[in-house]
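Below you'll find the structure, written out as structure tokens, and then a few comments.
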Amino acid sequence: MAPVATAAPAISASAPTRTDGRSSALQIRPMQTGIGSLHRADGSARFSCGQTSVLAAVYGPKEVKIRDEKLDRATVEVILRPLIGSAGTRERLYERVIHSTMENAIVTASFPRTAIQIVLQVMSDDGSVLPVAMNAACLALVDAGVPLKSMVAAVECAYNAEGELMLDPNAQELESAVSTHVYAFDNINPHTTLCNLSTGAFKQQEFAKAFEMSQMAAAKVHEFNRKTLGLKIAHFEAAASGAVSTAAPAGASAGGKSKA
């Protein structure tokens with residue numbers, strides 16, 4: 001398994017203004033991820049944001065059922081399992097949103113008449129599950145070697161009754177939110193929106209501000225994911241270097257790239 005990557009928000013001396021201790025309405029919770037922990041899956045990743053965590057597993061490209069077969073591209077399947085109980089209306093909605101987002105990001109034309117299955121298990125839920133699930137799915141696809149047109153970074157924000165915009169709302173903040181907004185952006189064109197799910201009552205200028213703030217937050221997620229994948233590559237390089245060194249004959253020098 002690759003090393004676990006973590007990223008904490010900037011430390012502020014200001015008094016906490018959020019229910020979970022954050023000092024700013026525009027501060028996201030600490031992110032953490034681990035890649036490749038499920039050995040039976042073709043790719044896997046766990047993405048956490050604060051106390052919300054989702055484990056993603058990717059299977060495929062694999063054989064597809066005849067009724068789901070597409071002659072010119074792969075069939076993308078998404079299954080979201082809640083923390084407790086059976087999937088309900090919310091999970092079905094999230095599955096459709098994740099399916100649409102990931103299908104647009106995957107180079108499906110490379111694998112016609114196959115299936116790529118993404119299974120997502122909510123491990124803990126303290127709000128903003130949908131963007132955390134999308135971020136986990138993207139990293140799991142990369143771990144599985146599935147070619148992507150771009151990386152995906154998803155964030156959520158919400159307006160409270162006072163009209164204040166809160167990035168990465170937790171469960172308590174979502175309960176009292178007047179409107180919520182989920183966005184997913186690619187890493188090639190920051191102005192390209194791969195996904196938008198907005199609910200509740202909001203004004204046009206509020207939507208514009210939510211988009212702008214989410215765009216800035218997504219850039220931080222992209223940066224975090226780059227560092228995560230960089231750690232994974234370094235981990236594999238170190239492992240490969242060690243394997244070469246071990247296999248080298250006595251007295252031979254193995255020209256690996258071992259780094260401490």
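Residue numbers start at 1 in each chain; chains themselves are named A, B, ... in the order of the structure tokens; ligands are numbered from 1 in the order shown.
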
Return as JSON lines the residues of range 85-156 of chain A lying at most 10 Å from range 218-233 of chain A, together with the closest atom-to-atom pair for each and the distance in Å to one decimal, counting only C-alpha atoms, with rows in chain order and ascending residue number.
{"residue": "A:Asn135", "atom": "CA", "partner": "A:Val221", "partner_atom": "CA", "distance": 8.5}
{"residue": "A:Cys138", "atom": "CA", "partner": "A:Asn225", "partner_atom": "CA", "distance": 9.5}
{"residue": "A:Leu139", "atom": "CA", "partner": "A:Asn225", "partner_atom": "CA", "distance": 7.8}
{"residue": "A:Val142", "atom": "CA", "partner": "A:Leu229", "partner_atom": "CA", "distance": 8.8}
{"residue": "A:Asp143", "atom": "CA", "partner": "A:Leu229", "partner_atom": "CA", "distance": 9.0}
{"residue": "A:Met151", "atom": "CA", "partner": "A:His222", "partner_atom": "CA", "distance": 7.7}
{"residue": "A:Val152", "atom": "CA", "partner": "A:His222", "partner_atom": "CA", "distance": 7.6}
{"residue": "A:Ala153", "atom": "CA", "partner": "A:Ala218", "partner_atom": "CA", "distance": 5.4}
{"residue": "A:Ala154", "atom": "CA", "partner": "A:Ala218", "partner_atom": "CA", "distance": 6.1}
{"residue": "A:Val155", "atom": "CA", "partner": "A:Ala218", "partner_atom": "CA", "distance": 6.2}
{"residue": "A:Glu156", "atom": "CA", "partner": "A:Ala218", "partner_atom": "CA", "distance": 9.5}

Contact table range 68-174 of chain A vs range 35-57 of chain A, cut-off 8 Å, shortest pair per residue, only C-alpha atoms, as a tab-separated table:
residue	atom	partner	partner_atom	distance
A:Ile118	CA	A:Ala57	CA	5.8
A:Val119	CA	A:Ala57	CA	5.2
A:Leu120	CA	A:Ala56	CA	4.5
A:Gln121	CA	A:Leu55	CA	5.2
A:Val122	CA	A:Val54	CA	4.5
A:Met123	CA	A:Ser53	CA	5.3
A:Ser124	CA	A:Thr52	CA	5.0
A:Asp125	CA	A:Thr52	CA	4.5
A:Asp126	CA	A:Thr52	CA	4.9
A:Gly127	CA	A:Thr52	CA	6.4
A:Ser128	CA	A:Thr52	CA	7.3
A:Val129	CA	A:Thr52	CA	6.5
A:Val132	CA	A:Phe47	CA	6.3
A:Ala133	CA	A:Val54	CA	5.6
A:Asn135	CA	A:Phe47	CA	6.6
A:Ala136	CA	A:Phe47	CA	4.9
A:Ala137	CA	A:Ala56	CA	5.5
A:Leu139	CA	A:Ala45	CA	5.9
A:Ala140	CA	A:Ser44	CA	4.2
A:Leu141	CA	A:Gly43	CA	6.2
A:Val142	CA	A:Gly43	CA	7.4
A:Asp143	CA	A:Gly43	CA	4.7
A:Ala144	CA	A:Gly43	CA	3.8
A:Gly145	CA	A:Gly43	CA	7.5

Write out as a ChimeraX atom specification which residues come within 6 Å of range 162-174 of chain A when counting only C-alpha atoms, dropping same-chain ones fewer than 3 positions away. /A:25-26,28,126-127,156-159,177

Expected file: the selected residues, N, CA and C atoms, as an mmCIF file, in the first residue's frame:
data_model
loop_
_atom_site.group_PDB
_atom_site.id
_atom_site.type_symbol
_atom_site.label_atom_id
_atom_site.label_comp_id
_atom_site.auth_asym_id
_atom_site.auth_seq_id
_atom_site.Cartn_x
_atom_site.Cartn_y
_atom_site.Cartn_z
ATOM 1 N N ALA A 25 -15.253 30.474 7.510
ATOM 2 C CA ALA A 25 -16.318 29.857 6.725
ATOM 3 C C ALA A 25 -15.789 29.311 5.406
ATOM 4 N N LEU A 26 -14.626 29.800 4.975
ATOM 5 C CA LEU A 26 -14.050 29.379 3.700
ATOM 6 C C LEU A 26 -12.893 28.404 3.894
ATOM 7 N N ILE A 28 -11.563 24.539 4.443
ATOM 8 C CA ILE A 28 -11.954 23.146 4.270
ATOM 9 C C ILE A 28 -11.292 22.299 5.362
ATOM 10 N N ASP A 126 -19.835 12.765 8.114
ATOM 11 C CA ASP A 126 -20.033 14.020 8.833
ATOM 12 C C ASP A 126 -20.257 15.145 7.833
ATOM 13 N N GLY A 127 -21.027 14.829 6.779
ATOM 14 C CA GLY A 127 -21.356 15.839 5.784
ATOM 15 C C GLY A 127 -20.445 15.822 4.574
ATOM 16 N N GLU A 156 -18.008 20.796 -1.891
ATOM 17 C CA GLU A 156 -19.380 21.211 -1.599
ATOM 18 C C GLU A 156 -19.347 22.480 -0.758
ATOM 19 N N CYS A 157 -20.345 23.327 -0.949
ATOM 20 C CA CYS A 157 -20.498 24.504 -0.113
ATOM 21 C C CYS A 157 -21.983 24.702 0.174
ATOM 22 N N ALA A 158 -22.281 25.522 1.180
ATOM 23 C CA ALA A 158 -23.671 25.717 1.587
ATOM 24 C C ALA A 158 -23.852 27.122 2.140
ATOM 25 N N TYR A 159 -25.065 27.638 1.983
ATOM 26 C CA TYR A 159 -25.440 28.913 2.582
ATOM 27 C C TYR A 159 -26.303 28.654 3.806
ATOM 28 N N ALA A 177 -28.752 24.309 6.527
ATOM 29 C CA ALA A 177 -28.410 25.043 5.300
ATOM 30 C C ALA A 177 -29.665 25.421 4.522
#

Computed interatomic separation between CA of Thr114 in chain A and CA of Thr101 in chain A (Å): 18.5 Å

To one decimal place in Å, what is the distance between CA of Asn196 in chain A and CA of Gln215 in chain A? 11.7 Å

Which of range 98-260 of chain A fall in alpha helix (DSSP H), as a PyMOL selection string: chain A and resi 98-105+129-143+171-175+204-247

Restricting the calculation to only C-alpha atoms: of A:Ile106, A:Ala217, A:Cys195, A:Leu71, which residue gets closest to Pro147 in chain A?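 Among the listed residues, the smallest separation from Pro147 in chain A belongs to A:Ile106.
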
Strand (DSSP E or B) residues, from DSSP on the backbone, in range 10-98 of chain A, as a PyMOL selection string: chain A and resi 31-35+43-49+52-62+75-81
